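Below: one structure, written as C-alpha cells.
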Amino acid sequence: MSASNDYRSPLAKVKGLGRSSDATRFFWVQKLTAIALIPLTLWLCYSIATLPELTYEVLIAWLKSPFNAVMASLFTVVSLKHGMIGMQVIFEDYIHTHSLRFGAILFTKLLSYFMMALGVYSILRLSLGN
Amino acid sequence: MSWNDKRPMSPHLQVYDLPLTAKLSILHRGTGAVLFVGVVLWVLLLAAAASGPQTWASVHSFLSSWFGKLILVGFTFSLYYHLCNGIRHLFWDMGKGFNLKDAEKAGIVVIVATLLLTLLTWLVAL
Ligand code: HEM
C-alpha cells in the first residue's frame with residue numbers, strides 16, 4: 001500500500017474492512033452461548049449415556065418428556081449459534097481470499113439456521129407425534 | 001498471503017516443538033470444528049428418527065457398529081475436551097489464571113478431566 005498519495009482519513013480506510021461495533025456483541029454472544037452450553041452438554045451426555053439401548057421406542061419415550069424435548073431443542077439451537085460464530089472466526093483467520101471467505105461464512109450461517117429449524121422440528125415431531 | 005521473504009521463519013512449525021499451552025490451544029479450535037460437524041450430524045440423526053422407525057433402525061445399526069462407535073467416542077472426547085478447556089477460557093476472560101504457570105497447571109487438569117469424563121461416560125453407556 002502506498003501511503004504517500006492516499007488522502008483518505010484513517011476512519012475511511014478501515015470502514016467496511018471488518019467488524020467494528022459487531023465485535024463486542026459477537027464476543028458477548030460467544031461467551032453467553034459457551035456458558036449456556038456447559039449445563040446443556042452435561043445434561044445431554046448424562047441423559048444419553050444412561051438410556052438403555054437406543055431403539056426407536058426408547059428414543060420416543062425419552063423425547064416425550066417435555067423437559068428432555070426442551071433441553072434437546074435448546075442444545076441444538078444454542079450449539080449451532082455458538083458453532084456458527086466460532087466457525088466464522090476460524091474462516092476469518094485462515095481464508096484470505098475475500099470471495100472465498102465470504103462464501104464460507106455465508107454457507108455456514110445458512111446451514112446453521114437450516115439445521116436449527118430442522119432439529120427443533122424433528123424433536124417436536126418425535127415428542128408430540130401420535 | 002504471499003511470502004516473498006526468504007529468511008527462515010521462526011518458530012518453524014515443522015521442527016519447533018510447541019509448548020503444551022500452544023498445543024492445547026490448537027486442540028480447542030480443532031475440537032470446535034469437529035463439534036460443529038458433530039452438531040450437524042446430531043440434527044440429521046433426529047431428522048432420520050422423525051422420518052420413521054425404519055430409517056432410525058438403519059441409523060441405529062450403523063451407530064452400533066465398531067465404526068459408528070469410533071465416531072461417537074471421537075465426539076464425546078472432543079465435546080469433553082472443548083467443554084473443559086472452554087471453562088479454562090472463560091476463567092481467562094474474567095481475568096483469572098492468565099499467567100504461564102497457572103495456564104499450564106489448568107491445562108493439565110483439562111487433559112486429565114477430559115480423559116476421565118470420556119472414560120466414565122463410556123463405562124456408563126456400555
Ligand atoms: C460444552 C460447552 C462449550 C463451551 C464451554 C465452549 C466454550 C468455548 C469458548 C470459550 C470459545 C472461545 C475460545 C476463544 O475465545 O478463543 C469457543 C470457541 C468455539 N467453540 Fe465452543 N464451547 C462449547 C461447546 C461447543 C460446541 C457444542 C461446539 C460445536 C458447534 C463448539 C464450537 C466452537 C467453535 C467452532 C469455536 C471457535 C474456535 C476458535 O475460534 O478457535 N463449542 N468455545
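Going by the C-alpha cells order, chains are called A, B, ..., each with residues numbered from 1, while ligands are numbered from 1 in the order shown.
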Which residues form the shell of 8 Å around ligand 1 when you count only C-alpha atoms and all ligand atoms, given as a CSV table (one decimal) with N, CA, C and O atoms, in the first residue's frame?
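Dumped everything to out-v2.csv:
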```csv
chain,number,residue,atom,x,y,z
A,27,PHE,N,-18.4,-11.2,20.7
A,27,PHE,CA,-17.7,-11.7,21.8
A,27,PHE,C,-18.7,-12.1,22.9
A,27,PHE,O,-18.6,-13.2,23.5
A,30,GLN,N,-20.7,-15.2,22.0
A,30,GLN,CA,-19.9,-16.4,22.1
A,30,GLN,C,-19.7,-16.8,23.6
A,30,GLN,O,-19.8,-18.0,23.9
A,31,LYS,N,-19.6,-15.9,24.5
A,31,LYS,CA,-19.4,-16.2,25.9
A,31,LYS,C,-20.7,-16.7,26.5
A,31,LYS,O,-20.8,-17.7,27.2
A,33,THR,N,-23.3,-18.1,24.9
A,33,THR,CA,-23.7,-19.5,24.5
A,33,THR,C,-22.7,-20.5,25.1
A,33,THR,O,-23.1,-21.6,25.4
A,34,ALA,N,-21.4,-20.1,25.3
A,34,ALA,CA,-20.5,-21.1,25.9
A,34,ALA,C,-21.0,-21.4,27.3
A,34,ALA,O,-21.0,-22.6,27.7
A,35,ILE,N,-21.4,-20.4,28.1
A,35,ILE,CA,-21.8,-20.7,29.5
A,35,ILE,C,-23.1,-21.5,29.5
A,35,ILE,O,-23.2,-22.5,30.2
A,36,ALA,N,-24.0,-21.2,28.6
A,36,ALA,CA,-25.3,-22.0,28.5
A,36,ALA,C,-25.0,-23.4,28.1
A,36,ALA,O,-25.7,-24.4,28.5
A,37,LEU,N,-24.0,-23.6,27.3
A,37,LEU,CA,-23.7,-25.0,26.8
A,37,LEU,C,-23.1,-25.9,27.9
A,37,LEU,O,-23.1,-27.1,27.7
A,38,ILE,N,-22.6,-25.3,28.9
A,38,ILE,CA,-22.0,-26.2,30.0
A,38,ILE,C,-23.1,-27.1,30.6
A,38,ILE,O,-22.9,-28.3,30.5
A,39,PRO,N,-24.2,-26.6,31.1
A,39,PRO,CA,-25.2,-27.5,31.6
A,39,PRO,C,-25.9,-28.3,30.5
A,39,PRO,O,-26.2,-29.5,30.7
A,40,LEU,N,-26.0,-27.7,29.3
A,40,LEU,CA,-26.7,-28.4,28.3
A,40,LEU,C,-26.0,-29.6,27.8
A,40,LEU,O,-26.6,-30.7,27.6
A,41,THR,N,-24.6,-29.5,27.6
A,41,THR,CA,-23.9,-30.7,27.2
A,41,THR,C,-23.8,-31.7,28.3
A,41,THR,O,-23.8,-32.9,28.0
A,42,LEU,N,-23.6,-31.3,29.5
A,42,LEU,CA,-23.5,-32.2,30.6
A,42,LEU,C,-24.8,-33.0,30.7
A,42,LEU,O,-24.8,-34.3,30.9
A,79,SER,N,-26.0,-24.6,20.5
A,79,SER,CA,-24.7,-25.0,20.0
A,79,SER,C,-24.5,-24.6,18.5
A,79,SER,O,-23.4,-24.3,18.1
A,80,LEU,N,-25.5,-24.6,17.7
A,80,LEU,CA,-25.4,-24.1,16.3
A,80,LEU,C,-25.0,-22.6,16.3
A,80,LEU,O,-24.2,-22.2,15.5
A,81,LYS,N,-25.6,-21.8,17.2
A,81,LYS,CA,-25.3,-20.4,17.2
A,81,LYS,C,-23.9,-20.2,17.6
A,81,LYS,O,-23.1,-19.5,17.0
A,82,HIS,N,-23.5,-20.9,18.7
A,82,HIS,CA,-22.1,-20.9,19.2
A,82,HIS,C,-21.1,-21.3,18.1
A,82,HIS,O,-20.1,-20.7,17.9
A,83,GLY,N,-21.4,-22.5,17.5
A,83,GLY,CA,-20.5,-23.0,16.4
A,83,GLY,C,-20.5,-22.1,15.2
A,83,GLY,O,-19.4,-22.0,14.6
A,84,MET,N,-21.6,-21.5,14.9
A,84,MET,CA,-21.6,-20.6,13.7
A,84,MET,C,-20.6,-19.4,13.9
A,84,MET,O,-19.9,-19.1,13.0
A,85,ILE,N,-20.6,-18.8,15.1
A,85,ILE,CA,-19.7,-17.7,15.3
A,85,ILE,C,-18.3,-18.2,15.4
A,85,ILE,O,-17.4,-17.6,14.8
A,86,GLY,N,-18.1,-19.4,16.0
A,86,GLY,CA,-16.8,-20.0,16.1
A,86,GLY,C,-16.2,-20.3,14.7
A,86,GLY,O,-15.0,-20.0,14.5
A,87,MET,N,-17.0,-20.9,13.9
A,87,MET,CA,-16.5,-21.2,12.5
A,87,MET,C,-16.2,-19.9,11.7
A,87,MET,O,-15.2,-19.9,11.0
A,88,GLN,N,-17.0,-18.9,12.0
A,88,GLN,CA,-16.7,-17.6,11.3
A,88,GLN,C,-15.3,-17.1,11.7
A,88,GLN,O,-14.5,-16.6,10.8
A,89,VAL,N,-15.0,-17.2,13.0
A,89,VAL,CA,-13.7,-16.7,13.5
A,89,VAL,C,-12.6,-17.6,12.8
A,89,VAL,O,-11.5,-17.0,12.4
A,90,ILE,N,-12.8,-18.9,12.7
A,90,ILE,CA,-11.8,-19.7,12.1
A,90,ILE,C,-11.6,-19.4,10.6
A,90,ILE,O,-10.4,-19.2,10.2
B,25,SER,N,-4.2,-25.1,22.8
B,25,SER,CA,-5.0,-24.0,22.1
B,25,SER,C,-5.4,-24.5,20.7
B,25,SER,O,-6.6,-24.3,20.3
B,26,ILE,N,-4.5,-25.1,20.0
B,26,ILE,CA,-4.9,-25.6,18.7
B,26,ILE,C,-6.0,-26.7,18.8
B,26,ILE,O,-6.9,-26.8,18.0
B,28,HIS,N,-8.3,-26.8,21.0
B,28,HIS,CA,-9.6,-26.2,21.2
B,28,HIS,C,-10.3,-25.9,19.9
B,28,HIS,O,-11.5,-26.1,19.7
B,29,ARG,N,-9.5,-25.3,19.0
B,29,ARG,CA,-10.0,-24.9,17.7
B,29,ARG,C,-10.4,-26.2,16.9
B,29,ARG,O,-11.5,-26.2,16.3
B,30,GLY,N,-9.5,-27.2,16.9
B,30,GLY,CA,-9.8,-28.4,16.2
B,30,GLY,C,-11.1,-29.1,16.7
B,30,GLY,O,-11.9,-29.5,15.9
B,31,THR,N,-11.2,-29.2,18.0
B,31,THR,CA,-12.4,-29.9,18.6
B,31,THR,C,-13.6,-29.0,18.3
B,31,THR,O,-14.7,-29.6,18.0
B,32,GLY,N,-13.5,-27.7,18.3
B,32,GLY,CA,-14.6,-26.8,18.0
B,32,GLY,C,-15.2,-27.1,16.6
B,32,GLY,O,-16.4,-27.2,16.4
B,33,ALA,N,-14.2,-27.2,15.6
B,33,ALA,CA,-14.7,-27.5,14.2
B,33,ALA,C,-15.3,-28.9,14.1
B,33,ALA,O,-16.3,-29.1,13.4
B,34,VAL,N,-14.6,-29.9,14.8
B,34,VAL,CA,-15.2,-31.2,14.8
B,34,VAL,C,-16.6,-31.2,15.4
B,34,VAL,O,-17.5,-31.9,14.8
B,35,LEU,N,-16.8,-30.5,16.5
B,35,LEU,CA,-18.1,-30.4,17.1
B,35,LEU,C,-19.2,-29.8,16.2
B,35,LEU,O,-20.3,-30.2,16.3
B,36,PHE,N,-18.7,-28.8,15.4
B,36,PHE,CA,-19.7,-28.2,14.6
B,36,PHE,C,-20.3,-29.2,13.6
B,36,PHE,O,-21.5,-29.3,13.4
B,37,VAL,N,-19.4,-30.0,13.0
B,37,VAL,CA,-19.8,-31.1,12.1
B,37,VAL,C,-20.7,-32.1,13.0
B,37,VAL,O,-21.7,-32.6,12.5
B,38,GLY,N,-20.3,-32.4,14.2
B,38,GLY,CA,-21.0,-33.3,15.1
B,38,GLY,C,-22.4,-32.8,15.3
B,38,GLY,O,-23.3,-33.6,15.3
B,39,VAL,N,-22.6,-31.5,15.6
B,39,VAL,CA,-23.9,-31.0,15.9
B,39,VAL,C,-24.8,-31.1,14.6
B,39,VAL,O,-26.0,-31.4,14.7
B,79,LEU,N,-16.1,-33.3,22.7
B,79,LEU,CA,-17.0,-32.5,23.5
B,79,LEU,C,-16.4,-32.2,24.9
B,79,LEU,O,-16.5,-31.1,25.4
B,80,TYR,N,-15.9,-33.2,25.5
B,80,TYR,CA,-15.4,-33.0,26.9
B,80,TYR,C,-14.2,-32.2,26.9
B,80,TYR,O,-14.0,-31.4,27.8
B,82,HIS,N,-13.4,-29.8,24.7
B,82,HIS,CA,-13.8,-28.4,24.4
B,82,HIS,C,-14.6,-27.8,25.6
B,82,HIS,O,-14.4,-26.6,25.9
B,83,LEU,N,-15.3,-28.6,26.3
B,83,LEU,CA,-16.1,-28.2,27.5
B,83,LEU,C,-15.1,-27.8,28.5
B,83,LEU,O,-15.1,-26.6,29.1
B,84,CYS,N,-14.2,-28.7,28.9
B,84,CYS,CA,-13.2,-28.4,30.0
B,84,CYS,C,-12.3,-27.2,29.6
B,84,CYS,O,-12.1,-26.3,30.4
B,85,ASN,N,-11.8,-27.2,28.4
B,85,ASN,CA,-10.9,-26.2,28.0
B,85,ASN,C,-11.7,-24.8,27.8
B,85,ASN,O,-11.1,-23.8,28.0
B,86,GLY,N,-12.9,-25.0,27.4
B,86,GLY,CA,-13.8,-23.8,27.3
B,86,GLY,C,-14.0,-23.1,28.7
B,86,GLY,O,-13.9,-21.9,28.7
B,87,ILE,N,-14.1,-23.9,29.7
B,87,ILE,CA,-14.2,-23.3,31.1
B,87,ILE,C,-12.9,-22.6,31.4
B,87,ILE,O,-12.9,-21.5,32.0
B,88,ARG,N,-11.8,-23.2,31.0
B,88,ARG,CA,-10.4,-22.6,31.2
B,88,ARG,C,-10.4,-21.2,30.5
B,88,ARG,O,-10.0,-20.2,31.0
B,89,HIS,N,-11.0,-21.2,29.3
B,89,HIS,CA,-11.1,-19.9,28.5
B,89,HIS,C,-11.9,-18.9,29.3
B,89,HIS,O,-11.6,-17.7,29.3
B,90,LEU,N,-13.0,-19.4,29.8
B,90,LEU,CA,-14.0,-18.4,30.5
B,90,LEU,C,-13.3,-17.8,31.7
B,90,LEU,O,-13.5,-16.6,32.0
B,93,ASP,N,-11.2,-15.1,30.5
B,93,ASP,CA,-12.0,-13.9,30.1
B,93,ASP,C,-12.3,-13.1,31.3
B,93,ASP,O,-12.6,-11.9,31.2
```
Inset, instruction - With a distance threshold of 7 Å and counting only C-alpha atoms, extract the residues of chain B near chain A and express them as a PyMOL selection string. - result: chain B and resi 1+33+36+40+43+46-47+50+53+56+83+121+124-125
Export of the given selection (N, CA and C atoms) as a PDB file, in the first residue's frame:
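The result, written out as again.pdb:
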```pdb
ATOM      1  N   MET B   1      -2.035 -15.247   1.317  1.00  0.00           N
ATOM      2  CA  MET B   1      -0.875 -14.439   1.704  1.00  0.00           C
ATOM      3  C   MET B   1       0.342 -14.832   0.861  1.00  0.00           C
ATOM      4  N   ALA B  33     -14.239 -27.228  15.609  1.00  0.00           N
ATOM      5  CA  ALA B  33     -14.655 -27.506  14.227  1.00  0.00           C
ATOM      6  C   ALA B  33     -15.270 -28.901  14.112  1.00  0.00           C
ATOM      7  N   PHE B  36     -18.741 -28.812  15.450  1.00  0.00           N
ATOM      8  CA  PHE B  36     -19.711 -28.182  14.556  1.00  0.00           C
ATOM      9  C   PHE B  36     -20.269 -29.239  13.591  1.00  0.00           C
ATOM     10  N   VAL B  40     -24.229 -30.850  13.430  1.00  0.00           N
ATOM     11  CA  VAL B  40     -24.993 -31.009  12.186  1.00  0.00           C
ATOM     12  C   VAL B  40     -25.443 -32.475  12.050  1.00  0.00           C
ATOM     13  N   VAL B  43     -28.375 -33.301  14.329  1.00  0.00           N
ATOM     14  CA  VAL B  43     -29.660 -32.881  13.763  1.00  0.00           C
ATOM     15  C   VAL B  43     -30.117 -33.881  12.696  1.00  0.00           C
ATOM     16  N   LEU B  46     -31.661 -36.826  14.337  1.00  0.00           N
ATOM     17  CA  LEU B  46     -33.018 -36.519  14.795  1.00  0.00           C
ATOM     18  C   LEU B  46     -33.989 -36.538  13.613  1.00  0.00           C
ATOM     19  N   ALA B  47     -33.547 -35.963  12.481  1.00  0.00           N
ATOM     20  CA  ALA B  47     -34.406 -35.929  11.295  1.00  0.00           C
ATOM     21  C   ALA B  47     -34.678 -37.343  10.799  1.00  0.00           C
ATOM     22  N   ALA B  50     -37.190 -38.815  13.026  1.00  0.00           N
ATOM     23  CA  ALA B  50     -38.508 -38.210  12.808  1.00  0.00           C
ATOM     24  C   ALA B  50     -39.173 -38.741  11.541  1.00  0.00           C
ATOM     25  N   PRO B  53     -39.583 -45.223  12.080  1.00  0.00           N
ATOM     26  CA  PRO B  53     -38.845 -46.280  12.767  1.00  0.00           C
ATOM     27  C   PRO B  53     -37.855 -47.021  11.858  1.00  0.00           C
ATOM     28  N   TRP B  56     -34.728 -44.940  11.394  1.00  0.00           N
ATOM     29  CA  TRP B  56     -33.967 -44.952  12.632  1.00  0.00           C
ATOM     30  C   TRP B  56     -33.254 -46.283  12.826  1.00  0.00           C
ATOM     31  N   LEU B  83     -15.332 -28.647  26.259  1.00  0.00           N
ATOM     32  CA  LEU B  83     -16.055 -28.183  27.452  1.00  0.00           C
ATOM     33  C   LEU B  83     -15.082 -27.758  28.549  1.00  0.00           C
ATOM     34  N   THR B 121     -18.110 -41.834  30.881  1.00  0.00           N
ATOM     35  CA  THR B 121     -19.294 -41.858  30.020  1.00  0.00           C
ATOM     36  C   THR B 121     -19.432 -43.208  29.318  1.00  0.00           C
ATOM     37  N   VAL B 124     -20.421 -46.041  31.635  1.00  0.00           N
ATOM     38  CA  VAL B 124     -21.846 -45.997  31.941  1.00  0.00           C
ATOM     39  C   VAL B 124     -22.666 -46.453  30.728  1.00  0.00           C
ATOM     40  N   ALA B 125     -22.248 -45.995  29.541  1.00  0.00           N
ATOM     41  CA  ALA B 125     -23.042 -46.245  28.330  1.00  0.00           C
ATOM     42  C   ALA B 125     -22.977 -47.703  27.894  1.00  0.00           C
TER      43      ALA B 125
END
```
Inset, instruction - Check the DSSP output for the backbone and give back, as a count of residues only, the residues of chain A in alpha helix (DSSP H). - result: 104
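In this structure, atom CA of A:Leu74 sits 20.5 Å away from atom CA of A:Val58.
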Inset, instruction - Give the answer as one residue: which of B:Ala103, B:Val110, B:Leu116, B:Leu41 has the shortest atom-to-atom distance to B:Leu27, using only C-alpha atoms? - result: B:Val110
